[in-house]
Structure formats: C-alpha cells, structure tokens
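> My structure is below; once you've seen it, I'll send some questions.
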Amino acid sequence: MKSPLVTGQWLEQYLNNDKLILLDASMEKVVGKSPLLYDTFSCIPGAKKLDLENELCDLTSSQTHAFPTAEQFVEIISGLGITQASQVVIYDNQGIYSSPRAWWIFKVMGFDNVYVLDGGLPQWLAEGRATADCFSSTALADSMIAPGREFEANVQDTWVCDSAYLLDKLSDKHLSILDARGAKRFSGEAAEPREGVRSGHIPKSVNLPFSQVLDGHCLKTTEALRQIFAGLTNEQDTQRIFSCGSGITACILILASVEAGYQHNVLYDGSWAQWGRDHKLPIE
C-alpha cells in the first residue's frame with residue numbers, strides 16, 4: 001500500500017508540476033498541544049488556503065467541525081482548480097496537526113490522489129526551503145478547468161460514523177476504539193475545554209494521545225507505528241474507530257494507522273464534543 005506521506009524533498013522537486021495542487025490547511029485554533037507561533041506569515045510557494053474551520057465543514061450542523069457535505073466539498077475543490085487529474089498535497093503550520101483532517105475528508109469523498117506533507121511547514125522551514133509571504137490566488141477562469149475533468153464525489157460512507165453506529169458497535173470484540181486526546185482528558189482528571197461536555201471517555205476505548213505517533217514535527221517510522229498499534233489493537237480487528245475532541249486530531253491517528261498498513265479505519269466525526277455532551281450515551 002502506498003504511503004499517504006510525501007517529504008519536503010519530493011515536494012520541492014515537484015512544486016512546478018502543473019498537476020500538483022498544494023493546500024495549506026492550518027487552523028487558527030490549536031487544541032491538545034502548545035501551538036507553534038510565527039512572528040511573520042509564510043507559506044510554501046504556490047500554496048492555496050484550505051479553510052477547515054469556516055468553509056470545509058458543515059456549518060448547518062450543531063456538531064463542532066462537522067464533516068462537509070459532498071456538494072460543499074465539490075464546490076470548494078472546484079474553486080481551488082482541483083480536477084480528477086490533480087495531485088493534491090496538504091500541509092499545516094503545526095507540523096502534522098490539521099492536515100490529516102483535510103486529507104481524510106478528501107479520501108472519504110473518493111479523491112484518492114492526495115497526500116500529507118510529512119512535518120508540514122515547520123519541517124519545511126527547518127530544512128531551509130524557500131517560502132512565500134502570501135497564498136496563491138484561487139480565482140480561476142472557467143476556461144482553465146479542463147472540460148469533463150472536474151471531480152465528482154464518490155463518498156465512502158463507511159469511513160465516517162456517528163454516535164448511533166458507535167453505540168451499536170461497543171459490544172463488538174473485533175473492533176478497537178482509539179481516543180487521540182491527552183491522557184488526563186481521557187481519564188477524566190482534566191476538565192473538557194468545551195462547556196457542557198462531561199469528563200471521561202467512550203466505554204471500551206483506549207487512549208493513544210496523538211503526540212505519541214509523532215517524532216518532532218513528523219510522523220514516526222512505519223515500524224514504530226506498527227509496534228504502537230500492535231500494543232493497543234487486536235490483529236483480528238475488522239475496524240479501528242478513531243475519536244478525539246472534535247474530529248480533528250483523530251485524523252492524525254488515522255494517518256498513522258494507514259501509514260502502518262491498516263486499511264479499515266473509521267472516523268467518529270462527532271467525537272467527544274458530541275458523545276460527552278449527550279447524557280443518554282454511556283461514559284467511563
């Protein structure tokens with residue numbers, strides 16, 4: 001199975017390729033780690049802004065950071081000049097933080113030719129590579145999009161689940177639930193950052209703080225990731241379901257799981273912001 005990652009060296013080599021679309025999926029709000037702050041704005045040359053907080057999410061939903069609709073997705077990526085022929089690379093300014101969320105949205109929508117830049121902007125800077133001081137324009141003339149090559153969503157419904165599905169699966173012995181939040185939030189020792197959300201975790205879930213799959217700004221090696229998952233999951237698992245605070249950092253674990261060679265990965269999109277708020281749902 002091909003890796004979901006590309007290196008800075010690879011990206012630098014292909015920056016001027018006509019098929020490459022580079023997206024910056026950085027988020028304003030960073031939860032679960034000390035945010036990296038920058039004195040001045042910079043981005044990778046040619047990058048376009050992908051707004052996960054205000055555009056690539058279903059704003060009609062009461063759920064925090066809800067998954068976008070297929071129609072939303074197609075409209076947004078078409079506006080970015082992305083077609084079936086495009087090769088998409090996504091990064092963020094925290095290393096690996098919000099870019100896996102954008103990557104998983106693309107994958108769920110049936111867009112397969114999409115990758116995460118390992119280490120993101122901080123690793124790119126650490127390697128001394130060139131930067132720009134503004135994003136590339138996303139305005140496109142209709143004539144620039146090749147006719148018949150626009151992207152049509154083919155939604156992989158089984159790669160995202162809701163609380164009803166997860167509740168029904170709690171007794172399934174061939175399924176692992178992994179929670180990407182920090183250990184104290186998982187155990188209920190630390191209060192939740194969102195008002196009205198209970199402390200604790202989903203029954204049967206195990207804690208894998210997202211920082212544990214990272215090595216500096218980058219993802220850990222494939223072999224290290226395999227060992228981490230081997231210690232927490234069952235070989236006979238038919239699915240791994242991933243949760244976090246609001247569906248963002250769970251995708252870091254999904255990226256790690258895919259890199260480790262596992263294919264049956266599911267995002268519980270509502271995550272603890274939804275589960276912890278619903279008093280009809282059990283907690284530990």
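Residues in the structure tokens are named by chain (A, B, ... in the order shown) and by number from 1 within that chain; ligands are numbered from 1 in the order shown.
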Name the residues in contact with Ile202 in chain A at a cut-off of 12 Å, using only C-alpha atoms, excluding same-chain residues fewer than 3 positions from it; report them as an MDAnalysis selection string.
chainID A and resid 163 166:167 169:170 176:181 185:188 198:199 205:207 241:245 268 271:278 281:284
> Which polymer residues have any atom within 10 Å of an atom of range 7-22 of chain A, counting only C-alpha atoms, with same-chain residues fewer than 2 positions away left out, as a VMD selection string?
chain A and resid 5 24 to 25 44 to 50 80 to 91 114 to 121 123 to 125 127 129 to 130 136 218
> Write down as a VMD selection string the residues of range 2-216 of chain A whose backbone DSSP state falls under alpha helix (DSSP H).
chain A and resid 8 to 14 70 to 79 99 to 108 120 to 126 163 to 169 183 to 187
> For the strand (DSSP E or B) assignment from backbone DSSP, which residues of range 123-225 of chain A qualify? Please present them as an MDAnalysis selection string.
chainID A and resid 132 150 160:161 175:179 206:207 214:215 218:219
> Counting only C-alpha atoms, what is within 12 Å of Ala102 in chain A, bar same-chain residues fewer than 4 positions away, as a PyMOL selection string?
chain A and resi 23-27+49-53+55-57+65+67-68+73+77+88-92+96-98+106-109+111+114-117+247-252+254-255
> Which distance in Å separates CA of Gln212 in chain A and CA of Val197 in chain A, to one decimal?
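Separation of CA of Gln212 in chain A and CA of Val197 in chain A: 24.7 Å.
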> Tell me which of A:Gly196, A:Gly79, A:Gly110, A:Pro35 sits closest to Ser137 in chain A, counting only C-alpha atoms.
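Checking each of A:Gly196, A:Gly79, A:Gly110, A:Pro35 against Ser137 in chain A, counting only C-alpha atoms, the winner is A:Gly79.
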> Could you state the separation of CA of Asn154 in chain A and CA of Ser257 in chain A in Å, given to one decimal place?
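Interatomic distance here is 22.3 Å.
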> In terms of the shortest atom-to-atom distance over only C-alpha atoms, which of A:Val31, A:Asn113, A:Leu267, A:Ala183 is closest to Val6 in chain A?
A:Asn113
